[in-house]
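Asks: The structure that follows is given in the form of structure tokens.
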Amino acid sequence: MKAAAGPGAALGPLLGAASVSLAVSSSLNAFRAYKRYSTALTIAEFKCKLELVVGSPASCMELELYGPQEEPLGPLGCDEALLGSYPVTDGCRVHVIDRSGARIGEYEDVSQVEKYEMTESDYEKRPESLRSFLRQRGWGRYDEEGTRRRTEEQQQTRAQEAALAAALPLGTRCQVRVPGQPCKLATIMYVGQTDFKPGYWVGVRYDEPLGKHDGSVGGRRYFECQPKYGAFVKPQSVTPGDFPEEDDGLEDEL
């Protein structure tokens with residue numbers, strides 16, 4: 001390996017730039033970090049900053065310097081020397097050799113790191129927690145008035161849906177108007193609650209293959225129809241009436 005210039009023997013980089021952009025690699029893992037460092041740091045101070053990057057203790061580091069083309073420039077071996085006294089330039093790489101005895105990948109496997117877990121009772125007592133913040137301001141689930149109002153609105157909506165659903169006999173012809181979709185003609189095949197979503201739903205069989213299923217959803221069959229003819233809509237989207245089935249014109253052909 002080519003020997004790096006000794007401390008004080010190459011002041012050009014120090015005088016020419018206040019900081020340099022370096023790649024940092026480690027003998028313990030495969031990733032590289034790219035950071036800018038002051039050339040006025042001593043090598044000892046530089047090692048302390050590298051602790052946060054590679055995880056190795058500064059006292060157990062050996063540093064090797066490589067040029068922008070990965071050419072070896074020698075060790076950074078004097079802790080009292082300034083980083084700028086070595087031939088460091090933008091694009092150089094500093095390789096950290098860990099002498100602590102740590103295994104390769106040891107600092108990457110976070111599953112081996114002991115986690116602190118706070119008990120529910122301790123968290124409840126903390127005055128600066130998010131829970132305490134929300135409770136003090138009556139936000140989220142601690143908004144009792146808002147929760148009561150939303151519950152009442154849901155109950156009212158459920159009651160309205162139940163009343164509308166009760167006025168839709170099975171087998172009745174209907175018109176289906178879903179917001180954002182064209183009007184469709186259908187026959188009511190199911191009215192009631194379902195397993196896939198809360199509330200009241202109306203199962204319809206469209207006159208044309210404009211649906212999503214064959215009357216079965218989530219493994220449960222609610223009614224029978226051909227594939228792509230079945231759908232579920234909310235009661236407020238259904239208008240019962242004497243709507244004749246769509247005529248495809250086939251009977252007019254001989």
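So you can find residues: chains in the structure tokens are A, B, ... in the order shown, residues in each start at 1, and ligands are numbered from 1 in order.
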Write out as a count of residues only each polymer residue whose atoms come within 12 Å of Gly77 (chain A), counting only C-alpha atoms; drop sequence neighbours fewer than 3 positions from it.
Replies: 25
Asks: Find the residues around region 51-58 of chain A up to 12 Å (only C-alpha atoms counted), leave out those fewer than 3 positions away in its own chain, and share them as a PyMOL selection string.
Replies: chain A and resi 23-35+43-48+61-63+79+94-108
Asks: Using only N, CA and C atoms, please write the residues we just selected to a file, as a compact mmCIF listing (two decimals), in the first residue's frame.
Replies:
```
# COMPACT_ATOMS: atom_id res chain seq x y z
N ALA A 23 -16.63 9.19 1.30
CA ALA A 23 -17.39 7.95 1.46
C ALA A 23 -16.81 7.21 2.66
N VAL A 24 -17.68 6.60 3.45
CA VAL A 24 -17.23 5.87 4.64
C VAL A 24 -17.71 4.43 4.52
N SER A 25 -16.77 3.49 4.62
CA SER A 25 -17.11 2.07 4.61
C SER A 25 -16.57 1.43 5.88
N SER A 26 -17.00 0.20 6.14
CA SER A 26 -16.62 -0.47 7.37
C SER A 26 -16.36 -1.95 7.11
N SER A 27 -15.50 -2.52 7.93
CA SER A 27 -15.22 -3.95 7.83
C SER A 27 -16.37 -4.79 8.38
N LEU A 28 -17.36 -4.14 9.03
CA LEU A 28 -18.46 -4.88 9.66
C LEU A 28 -19.71 -4.96 8.80
N ASN A 29 -19.80 -4.20 7.72
CA ASN A 29 -20.99 -4.27 6.88
C ASN A 29 -20.64 -3.85 5.46
N ALA A 30 -21.62 -3.93 4.59
CA ALA A 30 -21.39 -3.69 3.17
C ALA A 30 -21.83 -2.31 2.71
N PHE A 31 -22.53 -1.56 3.54
CA PHE A 31 -23.04 -0.28 3.06
C PHE A 31 -21.98 0.81 3.14
N ARG A 32 -22.20 1.87 2.39
CA ARG A 32 -21.33 3.05 2.43
C ARG A 32 -22.16 4.28 2.75
N ALA A 33 -21.59 5.15 3.54
CA ALA A 33 -22.23 6.42 3.86
C ALA A 33 -21.43 7.53 3.20
N TYR A 34 -22.12 8.58 2.80
CA TYR A 34 -21.47 9.71 2.14
C TYR A 34 -21.75 10.95 2.96
N LYS A 35 -20.68 11.53 3.51
CA LYS A 35 -20.83 12.67 4.40
C LYS A 35 -19.70 13.67 4.16
N ILE A 43 -7.71 13.42 13.82
CA ILE A 43 -8.12 12.06 13.49
C ILE A 43 -8.91 11.46 14.66
N ALA A 44 -8.55 11.80 15.90
CA ALA A 44 -9.28 11.31 17.07
C ALA A 44 -10.72 11.83 17.05
N GLU A 45 -10.89 13.12 16.72
CA GLU A 45 -12.24 13.70 16.63
C GLU A 45 -13.01 13.09 15.46
N PHE A 46 -12.29 12.86 14.37
CA PHE A 46 -12.90 12.25 13.19
C PHE A 46 -13.44 10.85 13.52
N LYS A 47 -12.68 10.09 14.29
CA LYS A 47 -13.12 8.74 14.68
C LYS A 47 -14.39 8.81 15.52
N CYS A 48 -14.48 9.79 16.41
CA CYS A 48 -15.68 9.92 17.24
C CYS A 48 -16.91 10.17 16.38
N MET A 61 -10.89 1.61 16.31
CA MET A 61 -10.87 1.85 14.86
C MET A 61 -9.46 1.96 14.33
N GLU A 62 -9.26 1.43 13.14
CA GLU A 62 -8.11 1.73 12.30
C GLU A 62 -8.66 2.26 10.99
N LEU A 63 -8.10 3.37 10.51
CA LEU A 63 -8.62 4.03 9.33
C LEU A 63 -7.66 3.89 8.16
N ASP A 79 -3.57 10.01 15.71
CA ASP A 79 -4.79 10.59 16.27
C ASP A 79 -4.69 12.09 16.48
N VAL A 94 -12.90 6.60 3.21
CA VAL A 94 -12.25 6.20 4.45
C VAL A 94 -12.84 4.85 4.85
N HIS A 95 -11.97 3.85 4.96
CA HIS A 95 -12.42 2.52 5.35
C HIS A 95 -12.08 2.30 6.81
N VAL A 96 -13.11 1.95 7.62
CA VAL A 96 -12.95 1.74 9.05
C VAL A 96 -12.77 0.24 9.31
N ILE A 97 -11.65 -0.12 9.91
CA ILE A 97 -11.41 -1.50 10.31
C ILE A 97 -11.69 -1.61 11.80
N ASP A 98 -12.67 -2.47 12.14
CA ASP A 98 -13.06 -2.62 13.53
C ASP A 98 -12.18 -3.67 14.21
N ARG A 99 -11.52 -3.29 15.32
CA ARG A 99 -10.66 -4.20 16.07
C ARG A 99 -11.28 -4.57 17.42
N SER A 100 -12.59 -4.37 17.55
CA SER A 100 -13.23 -4.64 18.85
C SER A 100 -13.60 -6.11 19.02
N GLY A 101 -13.51 -6.88 17.96
CA GLY A 101 -13.92 -8.28 18.02
C GLY A 101 -15.36 -8.50 17.61
N ALA A 102 -16.05 -7.42 17.18
CA ALA A 102 -17.44 -7.56 16.73
C ALA A 102 -17.50 -8.39 15.46
N ARG A 103 -18.62 -9.09 15.28
CA ARG A 103 -18.80 -9.93 14.10
C ARG A 103 -19.34 -9.11 12.94
N ILE A 104 -19.08 -9.57 11.74
CA ILE A 104 -19.60 -8.91 10.54
C ILE A 104 -21.12 -8.93 10.59
N GLY A 105 -21.75 -7.77 10.38
CA GLY A 105 -23.20 -7.66 10.41
C GLY A 105 -23.79 -7.51 11.79
N GLU A 106 -22.97 -7.49 12.84
CA GLU A 106 -23.49 -7.43 14.21
C GLU A 106 -24.28 -6.16 14.46
N TYR A 107 -23.82 -5.05 13.88
CA TYR A 107 -24.50 -3.79 14.12
C TYR A 107 -25.67 -3.56 13.16
N GLU A 108 -25.91 -4.50 12.24
CA GLU A 108 -27.02 -4.38 11.31
C GLU A 108 -28.24 -5.18 11.77
```
Asks: Write out as a PDB file with N, CA and C atoms, in the first residue's frame the residues lying within 12 Å of region 215-222 of chain A, counting only C-alpha atoms and excluding same-chain residues fewer than 3 positions away.
Replies:
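Saved result, selection_5.pdb, follows:
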```pdb
ATOM      1  N   ILE A 188     -84.784  -6.925  -7.490  1.00  0.00           N
ATOM      2  CA  ILE A 188     -84.313  -7.048  -6.110  1.00  0.00           C
ATOM      3  C   ILE A 188     -84.288  -8.518  -5.716  1.00  0.00           C
ATOM      4  N   MET A 189     -83.112  -8.992  -5.290  1.00  0.00           N
ATOM      5  CA  MET A 189     -82.927 -10.400  -4.955  1.00  0.00           C
ATOM      6  C   MET A 189     -82.629 -10.626  -3.472  1.00  0.00           C
ATOM      7  N   TYR A 190     -82.151  -9.582  -2.771  1.00  0.00           N
ATOM      8  CA  TYR A 190     -81.786  -9.738  -1.354  1.00  0.00           C
ATOM      9  C   TYR A 190     -81.900  -8.385  -0.677  1.00  0.00           C
ATOM     10  N   VAL A 191     -82.411  -8.373   0.538  1.00  0.00           N
ATOM     11  CA  VAL A 191     -82.484  -7.153   1.344  1.00  0.00           C
ATOM     12  C   VAL A 191     -82.118  -7.509   2.786  1.00  0.00           C
ATOM     13  N   GLY A 192     -81.165  -6.814   3.346  1.00  0.00           N
ATOM     14  CA  GLY A 192     -80.799  -7.071   4.734  1.00  0.00           C
ATOM     15  C   GLY A 192     -79.348  -6.765   5.022  1.00  0.00           C
ATOM     16  N   GLN A 193     -78.861  -7.248   6.140  1.00  0.00           N
ATOM     17  CA  GLN A 193     -77.476  -7.033   6.528  1.00  0.00           C
ATOM     18  C   GLN A 193     -76.592  -8.136   5.942  1.00  0.00           C
ATOM     19  N   THR A 194     -75.306  -7.850   5.854  1.00  0.00           N
ATOM     20  CA  THR A 194     -74.363  -8.771   5.224  1.00  0.00           C
ATOM     21  C   THR A 194     -73.147  -8.994   6.114  1.00  0.00           C
ATOM     22  N   ASP A 195     -72.318  -9.938   5.694  1.00  0.00           N
ATOM     23  CA  ASP A 195     -71.081 -10.211   6.434  1.00  0.00           C
ATOM     24  C   ASP A 195     -69.931  -9.324   5.985  1.00  0.00           C
ATOM     25  N   PHE A 196     -70.017  -8.793   4.773  1.00  0.00           N
ATOM     26  CA  PHE A 196     -68.856  -8.078   4.231  1.00  0.00           C
ATOM     27  C   PHE A 196     -68.775  -6.617   4.657  1.00  0.00           C
ATOM     28  N   LYS A 197     -69.931  -5.991   4.998  1.00  0.00           N
ATOM     29  CA  LYS A 197     -69.915  -4.605   5.462  1.00  0.00           C
ATOM     30  C   LYS A 197     -71.114  -4.372   6.366  1.00  0.00           C
ATOM     31  N   TRP A 201     -78.086  -3.637   3.062  1.00  0.00           N
ATOM     32  CA  TRP A 201     -77.692  -3.685   1.659  1.00  0.00           C
ATOM     33  C   TRP A 201     -78.791  -4.350   0.841  1.00  0.00           C
ATOM     34  N   VAL A 202     -78.843  -3.966  -0.416  1.00  0.00           N
ATOM     35  CA  VAL A 202     -79.809  -4.551  -1.341  1.00  0.00           C
ATOM     36  C   VAL A 202     -79.045  -5.286  -2.432  1.00  0.00           C
ATOM     37  N   GLY A 203     -79.307  -6.589  -2.540  1.00  0.00           N
ATOM     38  CA  GLY A 203     -78.708  -7.373  -3.601  1.00  0.00           C
ATOM     39  C   GLY A 203     -79.596  -7.344  -4.824  1.00  0.00           C
ATOM     40  N   VAL A 204     -79.023  -6.953  -5.963  1.00  0.00           N
ATOM     41  CA  VAL A 204     -79.812  -6.835  -7.191  1.00  0.00           C
ATOM     42  C   VAL A 204     -79.213  -7.692  -8.295  1.00  0.00           C
ATOM     43  N   ARG A 205     -80.121  -8.107  -9.204  1.00  0.00           N
ATOM     44  CA  ARG A 205     -79.696  -8.800 -10.416  1.00  0.00           C
ATOM     45  C   ARG A 205     -79.983  -7.865 -11.583  1.00  0.00           C
ATOM     46  N   TYR A 206     -78.911  -7.360 -12.204  1.00  0.00           N
ATOM     47  CA  TYR A 206     -79.074  -6.422 -13.307  1.00  0.00           C
ATOM     48  C   TYR A 206     -79.620  -7.133 -14.541  1.00  0.00           C
ATOM     49  N   GLY A 211     -72.751  -6.079 -13.391  1.00  0.00           N
ATOM     50  CA  GLY A 211     -72.482  -6.258 -11.972  1.00  0.00           C
ATOM     51  C   GLY A 211     -71.065  -6.689 -11.673  1.00  0.00           C
ATOM     52  N   LYS A 212     -70.870  -7.259 -10.474  1.00  0.00           N
ATOM     53  CA  LYS A 212     -69.536  -7.633 -10.013  1.00  0.00           C
ATOM     54  C   LYS A 212     -69.415  -9.110  -9.655  1.00  0.00           C
ATOM     55  N   CYS A 225     -77.662 -15.692  -9.408  1.00  0.00           N
ATOM     56  CA  CYS A 225     -77.755 -15.021 -10.694  1.00  0.00           C
ATOM     57  C   CYS A 225     -76.544 -15.402 -11.528  1.00  0.00           C
ATOM     58  N   GLN A 226     -76.534 -15.004 -12.762  1.00  0.00           N
ATOM     59  CA  GLN A 226     -75.401 -15.294 -13.630  1.00  0.00           C
ATOM     60  C   GLN A 226     -74.198 -14.446 -13.217  1.00  0.00           C
ATOM     61  N   PRO A 227     -72.982 -14.914 -13.508  1.00  0.00           N
ATOM     62  CA  PRO A 227     -71.787 -14.102 -13.201  1.00  0.00           C
ATOM     63  C   PRO A 227     -71.859 -12.727 -13.860  1.00  0.00           C
ATOM     64  N   LYS A 228     -71.409 -11.738 -13.142  1.00  0.00           N
ATOM     65  CA  LYS A 228     -71.362 -10.346 -13.589  1.00  0.00           C
ATOM     66  C   LYS A 228     -72.737  -9.668 -13.662  1.00  0.00           C
ATOM     67  N   TYR A 229     -73.770 -10.362 -13.186  1.00  0.00           N
ATOM     68  CA  TYR A 229     -75.093  -9.757 -13.160  1.00  0.00           C
ATOM     69  C   TYR A 229     -75.474  -9.281 -11.757  1.00  0.00           C
ATOM     70  N   GLY A 230     -74.751  -9.727 -10.739  1.00  0.00           N
ATOM     71  CA  GLY A 230     -75.108  -9.404  -9.373  1.00  0.00           C
ATOM     72  C   GLY A 230     -74.336  -8.225  -8.796  1.00  0.00           C
ATOM     73  N   ALA A 231     -74.964  -7.500  -7.855  1.00  0.00           N
ATOM     74  CA  ALA A 231     -74.304  -6.382  -7.174  1.00  0.00           C
ATOM     75  C   ALA A 231     -75.046  -6.089  -5.877  1.00  0.00           C
ATOM     76  N   PHE A 232     -74.369  -5.405  -4.969  1.00  0.00           N
ATOM     77  CA  PHE A 232     -74.979  -4.921  -3.739  1.00  0.00           C
ATOM     78  C   PHE A 232     -74.904  -3.397  -3.725  1.00  0.00           C
TER      79      PHE A 232
END
```
Asks: Rounded to one decimal place, report the CA of Val20 (chain A)-CA of Val88 (chain A) distance in Å.
Replies: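 Atom-to-atom, CA of Val20 (chain A) and CA of Val88 (chain A) are spaced 7.3 Å apart.
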Asks: Restricting the calculation to only C-alpha atoms: of A:Ser111, A:Ser121, A:Gln236, A:Thr89, which residue gets closest to Ala162 (chain A)?
Replies: A:Gln236
Asks: Have a look at CA of Arg36 (chain A) and CA of Gly84 (chain A) and let me know their distance in Å, one decimal.
Replies: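 Computing it gives 12.7 Å between the two atoms.
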Asks: Skip region 170-187 of chain A itself and residues of its chain fewer than 3 positions away, then list as a PDB file with C-alpha atoms, in the first residue's frame all residues within 8 Å of it, counting only C-alpha atoms.
Replies:
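Below is the file that was written, result-v8.pdb:
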```pdb
ATOM      1  CA  TYR A 190     -81.786  -9.738  -1.354  1.00  0.00           C
ATOM      2  CA  VAL A 191     -82.484  -7.153   1.344  1.00  0.00           C
ATOM      3  CA  VAL A 204     -79.812  -6.835  -7.191  1.00  0.00           C
ATOM      4  CA  ARG A 205     -79.696  -8.800 -10.416  1.00  0.00           C
ATOM      5  CA  TYR A 206     -79.074  -6.422 -13.307  1.00  0.00           C
ATOM      6  CA  ASP A 207     -80.766  -6.902 -16.663  1.00  0.00           C
ATOM      7  CA  VAL A 233     -76.064  -1.310  -3.355  1.00  0.00           C
ATOM      8  CA  SER A 237     -79.791   3.975  -4.402  1.00  0.00           C
ATOM      9  CA  VAL A 238     -82.782   1.750  -5.247  1.00  0.00           C
ATOM     10  CA  THR A 239     -86.136   2.974  -6.582  1.00  0.00           C
ATOM     11  CA  PRO A 240     -88.792   0.245  -6.882  1.00  0.00           C
ATOM     12  CA  GLY A 241     -91.318   0.470  -9.698  1.00  0.00           C
ATOM     13  CA  ASP A 242     -92.846  -1.073 -12.780  1.00  0.00           C
ATOM     14  CA  PHE A 243     -89.715  -1.082 -14.883  1.00  0.00           C
ATOM     15  CA  PRO A 244     -89.846  -3.525 -17.813  1.00  0.00           C
ATOM     16  CA  GLU A 245     -86.807  -5.643 -18.479  1.00  0.00           C
ATOM     17  CA  GLU A 246     -84.337  -4.428 -21.070  1.00  0.00           C
TER      18      GLU A 246
END
```
Asks: Per DSSP on the backbone, what are the helix (DSSP H, G or I) residues of region 156-217 of chain A, as a list in words?
Replies: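 Here are the helix (DSSP H, G or I) residues of region 156-217 of chain A: Gln156, Thr157, Arg158, Ala159, Gln160, Glu161, Ala162, Ala163, Leu164, Ala165 and Ala166 of chain A.
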Asks: May I have the selected residues written with C-alpha atoms, as a PDB file, in the first residue's frame?
Replies:
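Generated output (part.pdb):
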```pdb
ATOM      1  CA  GLN A 156     -79.889   7.621  12.549  1.00  0.00           C
ATOM      2  CA  THR A 157     -78.403   6.519   9.239  1.00  0.00           C
ATOM      3  CA  ARG A 158     -78.871   2.863  10.199  1.00  0.00           C
ATOM      4  CA  ALA A 159     -82.530   3.519  11.088  1.00  0.00           C
ATOM      5  CA  GLN A 160     -83.134   5.314   7.782  1.00  0.00           C
ATOM      6  CA  GLU A 161     -81.529   2.460   5.866  1.00  0.00           C
ATOM      7  CA  ALA A 162     -83.663  -0.076   7.745  1.00  0.00           C
ATOM      8  CA  ALA A 163     -86.843   1.865   6.875  1.00  0.00           C
ATOM      9  CA  LEU A 164     -85.885   2.105   3.208  1.00  0.00           C
ATOM     10  CA  ALA A 165     -84.916  -1.571   3.101  1.00  0.00           C
ATOM     11  CA  ALA A 166     -88.284  -2.589   4.587  1.00  0.00           C
TER      12      ALA A 166
END
```
Asks: What does the distance between CA of Phe133 (chain A) and CA of Glu117 (chain A) come to in Å, to one decimal place?
Replies: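 CA of Phe133 (chain A) sits 20.5 Å away from CA of Glu117 (chain A).
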Asks: Which residue is closest to Cys92 (chain A)? Choose from A:Leu134, A:Cys78, A:Leu22, A:Met118 and count only C-alpha atoms.
Replies: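 Closest to Cys92 (chain A), using only C-alpha atoms: A:Leu22.
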Asks: Please give the complete set of residues from region 155-198 of chain A that DSSP, run on the backbone, assigns to strand (DSSP E), formatted as a VMD selection string.
Replies: chain A and resid 173 to 176 184 to 193
Asks: Store the residues picked out above, limited to C-alpha atoms, as a PDB file, in the first residue's frame.
Replies:
```
ATOM      1  CA  ARG A 173     -88.307  -4.517 -10.323  1.00  0.00           C
ATOM      2  CA  CYS A 174     -86.205  -1.444  -9.604  1.00  0.00           C
ATOM      3  CA  GLN A 175     -84.006   1.282 -10.924  1.00  0.00           C
ATOM      4  CA  VAL A 176     -80.516   1.597  -9.467  1.00  0.00           C
ATOM      5  CA  LYS A 184     -79.405   0.540 -14.416  1.00  0.00           C
ATOM      6  CA  LEU A 185     -82.507  -1.644 -14.344  1.00  0.00           C
ATOM      7  CA  ALA A 186     -82.576  -4.656 -12.052  1.00  0.00           C
ATOM      8  CA  THR A 187     -84.574  -7.058  -9.916  1.00  0.00           C
ATOM      9  CA  ILE A 188     -84.313  -7.048  -6.110  1.00  0.00           C
ATOM     10  CA  MET A 189     -82.927 -10.400  -4.955  1.00  0.00           C
ATOM     11  CA  TYR A 190     -81.786  -9.738  -1.354  1.00  0.00           C
ATOM     12  CA  VAL A 191     -82.484  -7.153   1.344  1.00  0.00           C
ATOM     13  CA  GLY A 192     -80.799  -7.071   4.734  1.00  0.00           C
ATOM     14  CA  GLN A 193     -77.476  -7.033   6.528  1.00  0.00           C
TER      15      GLN A 193
END
```
